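*Asks:* Below are the structure tokens for one structure; questions will follow.
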Amino acid sequence: MLFSTVRFRLPALTPLTLISISFLGGIVLSRALPHEIDFWLGGGIISIGVAVFLIIIQRWREKEGTPKFFLKLSPIHFLLPLFLFVGAAYFQHWLPDEEDPFNIIWFTDREYEMVMKGVISDEADYRDNYTNLIVDTQSIDRPDKKNDLEVHGKILVRVYDNERYHYGEPIRIRGVLETPPENEEFSYKDYLALSNIHAYVRNGEITVLPAERGGHWLKRAIFDLKERALTNVYELFPDPEASLLAGILLGVDSGLPKDLQRAFKETGTTHIIAISGFNITIIAGIFVVFFGKLFGDKVGALVAVVVISLYTLLVGADAAVVRAAIMGAVALFARQIGRQQDAVTSLLFVAIAMVIAPVVGTPMVLWDVGFQLSFAATAGLVFFADPLAQWFIRQAARIMSQERAEQLAGPIGEFFLFTLAAQFATIPIMAYHFGRVSLISFIANPFILPVQPLVMILGGIALIASLLLMPLGKIFAIFALPFTTYTIRMVEFFDRMPNGVLVLGDAKLLLIILVYLAMLAWTLAGFPLKRISKPTFLITLTLVVVQVWRMVFALPDGNLHLIFIDAGSADAVLIETPDGRNLLINGGPSASNLAAELGKRLPPFDRDFDWLIIASPQEDDLSALPRTLERFHPAEVLWSGNREASYASRSLHKYLADNGIPITYAETGEVLDLGQGASMQYHAVGARGAVILIEWDNFRALLPIGMDYESLASTQELGNVSVLLLPDSGYAPLNPPEWIAALDPQLAILSVAADDEFGLPDDATLRALEGYELLRTDLNGWLHVYTDGEQMWVQKQK
């Protein structure tokens, strides 16, 4: 028999299920048709009257013995409109009162700066170039009054500095208070409303006040532990593995470089790093299998719930995480009870709890993409996971024993079909919100998900051990690293496969509703799922001890290496000397990109480097360094340029001084010995930085990163060079044709962003480079030049 059938049946709708649907439907209706709360309460009162009348008619008909269609209905059906109106009234009651003069919303869009006081009410969200702070406001300054006006409400403050902030710190904010922006593609206003935030300071100035730290003592303890744990993760693992584990274990996913974030998105594996109900649903299901093998099904499920609870606390237990944990627990409950009717009722009941629960509840959660994906994924597990698992067993039993087929149903059914059921149910939502569907995800997830319990368990053990004793944590990290590296490499591998993403463009809401109705009809009808030919189900994962090879490749090879990091319209160069020393010149604007590149290039368990070379004090050249140096530690610093030239320069200098890192100020003519006859010479040093010449036998590389007009003429006299890094991203006045012709480079390198705001490189510079070999970071990614002093080789990312 070539075809087999998987039949899915929709469970009967219980009264509680109907009530839940009516209440949630009322919330959706109230947002689509906004009316005052009195309108909806009036509708509720009328619905009660109608329901009572119909119930009386029903009872009278029963006595008359003349049954009608509504005699088959229970009284609860007549009350469903009441719950619809109650849901609508609740939504209107929840909306903030913008006319309240003590609500911070009342002060938005005034177009002038205000001074507010408040307390940081959540952990700081650190990004590459800014930090987001959620603040519970307490008062606002009134210049014409002696006393501040007491206010209430949360605001989001974005600050552009490299300071560290902590939960519970009292602060003063200066900035323009705005309504969060929204456009056709994305509503930041609705996104922040999920956290009950309705006001926003785009560019705030923060002063930490000397008052006692506030907030709840338990949250302070949790966030302090999390901050320490995050520091230890980056101490234990190299990047980008450290950033991946920070996302998986601690919910901090902002450290991943953009290219890797995009790869996770394109391969449909973002649920691994994003804390959501979908993430916890999948991981919880895998943990049930994992712990079930060790402790049995019931105890395994209980252990999985305990692990989810501890995980929720560790990552901060904010509203979104608690909602995700609850949804994941419901998925476990649905799998354990094995009754779709109870599972559906529980799922809808939890949805209502997420709407009305204190602290974590909000009606706006119904429009949250994460919640929608979580809800759909859990529903997919309820309806499709077990039928697919049974279908798998029947198919496998044709080519092997029934016992063997049931044994295979664990690792294959749970890691593949379990995920397939969740993904199938979320496809329409992903198409609607993102305009694309990852086809490759159906192949990538079975290869990636099986190792995630090991990533989480071994990574978690290493982290916990490091909190007790760092050397012990590093020992356990050796065992966790291969699985983390494997995850990243598989994501990158599947991301390179062509046609892995189906781009749909804008998907209409009506179309998505029709798709779900079709899926519902399919479920009701028990539509057959067919498969041609006898399947062979075997997934072989070959894990290589990756860190051993990485250590081997990181050993010095006797060559001089120059890696030009893709740092946008800035310069960042990593140098490995012939005898294995490492030097970093500047860092660029992105801490996550710089950390990822250093993590790939430096030995996995030795992330110190010998010299940090400051060759330009400009903002974009240095803004990545203060946070990156918390993970990668320079032994010494060689500084050139005005340290007061930019905010990043001042912050970096202060960080180096505070941490006791020796700083030497470079001088013209100074030479740094790179070993085996190679050297780095400071050809010119000025306020803008330095012009650096690297020489080794026949190889010469000129890096005029901090060149000014005074040093332009002197560098022209240097003669032919092997490699020329074009200064200032190809700015024409600093790259005149006669200067380029005098240097006559074998290879010209241009570090520039693809969307440079000043339109660099200049056309005149590109014309001057005609006839020369030119590589650009915006087109070629990172560039790797290495030499033995006689010959030169070049590698490029793309």
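By convention in this document, the chains of the structure tokens carry letters A, B, ... by their order, each chain's residues are numbered from 1, and ligands are numbered from 1 in the order they are shown.
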Using only C-alpha atoms, which residues sit within 8 Å of Gln423 in chain A once same-chain residues fewer than 6 positions away are excluded, as a list in words?

*Replies:* Ala377, Gly380 and Phe442 of chain A

*Asks:* Would you list the contacts of range 100-114 of chain A as a ChimeraX atom specification, taking every protein, DNA or RNA residue within 10 Å and counting only C-alpha atoms, but skipping same-chain residues closer than 3 positions in sequence?

*Replies:* /A:96-97,136-143,149-155,173-180,197-201,204

*Asks:* Hey, can you spit out that residue selection with C-alpha atoms as a compact mmCIF listing (two decimals), in the first residue's frame?

*Replies:*
```txt
# COMPACT_ATOMS: atom_id res chain seq x y z
CA PRO A 96 -5.06 54.41 29.43
CA ASP A 97 -6.87 57.64 30.18
CA ASP A 136 8.40 54.00 36.04
CA THR A 137 7.92 57.76 36.18
CA GLN A 138 7.39 59.42 39.55
CA SER A 139 7.48 63.16 38.95
CA ILE A 140 7.96 65.80 36.29
CA ASP A 141 9.68 69.13 36.74
CA ARG A 142 7.56 72.31 36.74
CA PRO A 143 9.89 75.26 36.14
CA LEU A 149 4.29 67.31 39.84
CA GLU A 150 3.74 63.69 40.83
CA VAL A 151 2.91 61.52 37.79
CA HIS A 152 2.58 57.82 36.97
CA GLY A 153 3.04 55.58 33.96
CA LYS A 154 5.86 53.79 32.16
CA ILE A 155 8.05 55.32 29.47
CA ILE A 173 15.67 62.04 32.51
CA ARG A 174 15.92 65.05 30.24
CA GLY A 175 14.36 64.78 26.81
CA VAL A 176 11.36 65.29 24.54
CA LEU A 177 8.43 63.04 25.42
CA GLU A 178 6.76 61.57 22.32
CA THR A 179 4.04 59.14 21.32
CA PRO A 180 5.83 56.04 19.99
CA ILE A 197 4.23 51.73 27.70
CA HIS A 198 2.62 54.64 25.86
CA ALA A 199 5.35 57.31 25.87
CA TYR A 200 8.86 57.44 24.49
CA VAL A 201 11.99 59.59 24.81
CA GLY A 204 17.40 61.05 26.56
```

*Asks:* Which is closest to Leu347 in chain A among A:Ile21, A:Val723, A:Ile694, A:Leu41, if we use only C-alpha atoms?

*Replies:* A:Ile21

*Asks:* For Val369 in chain A, which residue out of A:Asn445, A:Asn132, A:Ser254, A:Ser187 is the nearest one, using only C-alpha atoms?

*Replies:*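 Selected residue with least distance to Val369 in chain A: A:Ser187.
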
*Asks:* Give the strand (DSSP E or B) residues of range 158-250 of chain A, as DSSP finds them on the backbone, and put them as a PyMOL selection string.

*Replies:* chain A and resi 158-159+170-178+182+187+197-201+205-208

*Asks:* With N, CA and C atoms retained, write the just-selected residues as a compact mmCIF listing (two decimals), in the first residue's frame.

*Replies:*
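Contents of part_26.txt, freshly written:
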```txt
# COMPACT_ATOMS: atom_id res chain seq x y z
N ARG A 158 15.50 56.00 25.33
CA ARG A 158 16.66 55.55 24.55
C ARG A 158 17.82 56.49 24.79
N VAL A 159 18.95 55.94 25.20
CA VAL A 159 20.14 56.75 25.48
C VAL A 159 21.29 56.26 24.62
N PRO A 170 17.29 54.96 40.81
CA PRO A 170 16.55 56.20 40.60
C PRO A 170 17.31 57.11 39.63
N ILE A 171 16.63 57.66 38.66
CA ILE A 171 17.30 58.46 37.64
C ILE A 171 16.50 59.73 37.34
N ARG A 172 17.21 60.67 36.76
CA ARG A 172 16.58 61.88 36.22
C ARG A 172 16.74 61.84 34.70
N ILE A 173 15.67 62.10 33.98
CA ILE A 173 15.67 62.04 32.51
C ILE A 173 15.38 63.42 31.95
N ARG A 174 16.18 63.83 30.99
CA ARG A 174 15.92 65.05 30.24
C ARG A 174 15.73 64.67 28.78
N GLY A 175 14.61 65.10 28.20
CA GLY A 175 14.36 64.78 26.81
C GLY A 175 12.96 65.15 26.39
N VAL A 176 12.68 64.99 25.11
CA VAL A 176 11.36 65.29 24.54
C VAL A 176 10.50 64.04 24.63
N LEU A 177 9.34 64.16 25.25
CA LEU A 177 8.43 63.04 25.42
C LEU A 177 7.51 62.93 24.21
N GLU A 178 7.52 61.75 23.55
CA GLU A 178 6.76 61.57 22.32
C GLU A 178 5.82 60.37 22.43
N GLU A 182 4.60 54.98 14.54
CA GLU A 182 4.01 53.86 13.83
C GLU A 182 3.90 54.21 12.36
N SER A 187 4.17 49.08 13.87
CA SER A 187 3.68 50.03 14.87
C SER A 187 4.46 49.85 16.16
N ILE A 197 3.41 50.54 27.91
CA ILE A 197 4.23 51.73 27.70
C ILE A 197 3.60 52.54 26.58
N HIS A 198 3.31 53.81 26.85
CA HIS A 198 2.62 54.64 25.86
C HIS A 198 3.35 55.95 25.59
N ALA A 199 4.56 56.09 26.09
CA ALA A 199 5.35 57.31 25.87
C ALA A 199 6.80 56.93 25.68
N TYR A 200 7.54 57.82 25.00
CA TYR A 200 8.86 57.44 24.49
C TYR A 200 9.75 58.67 24.44
N VAL A 201 10.98 58.54 24.94
CA VAL A 201 11.99 59.59 24.81
C VAL A 201 13.04 59.08 23.85
N GLU A 205 18.86 62.16 28.10
CA GLU A 205 20.06 62.36 28.91
C GLU A 205 19.74 61.86 30.31
N ILE A 206 20.56 60.94 30.81
CA ILE A 206 20.27 60.27 32.07
C ILE A 206 21.29 60.68 33.13
N THR A 207 20.77 60.94 34.31
CA THR A 207 21.61 61.15 35.48
C THR A 207 21.14 60.19 36.57
N VAL A 208 22.04 59.35 37.05
CA VAL A 208 21.69 58.42 38.13
C VAL A 208 21.73 59.20 39.45
```
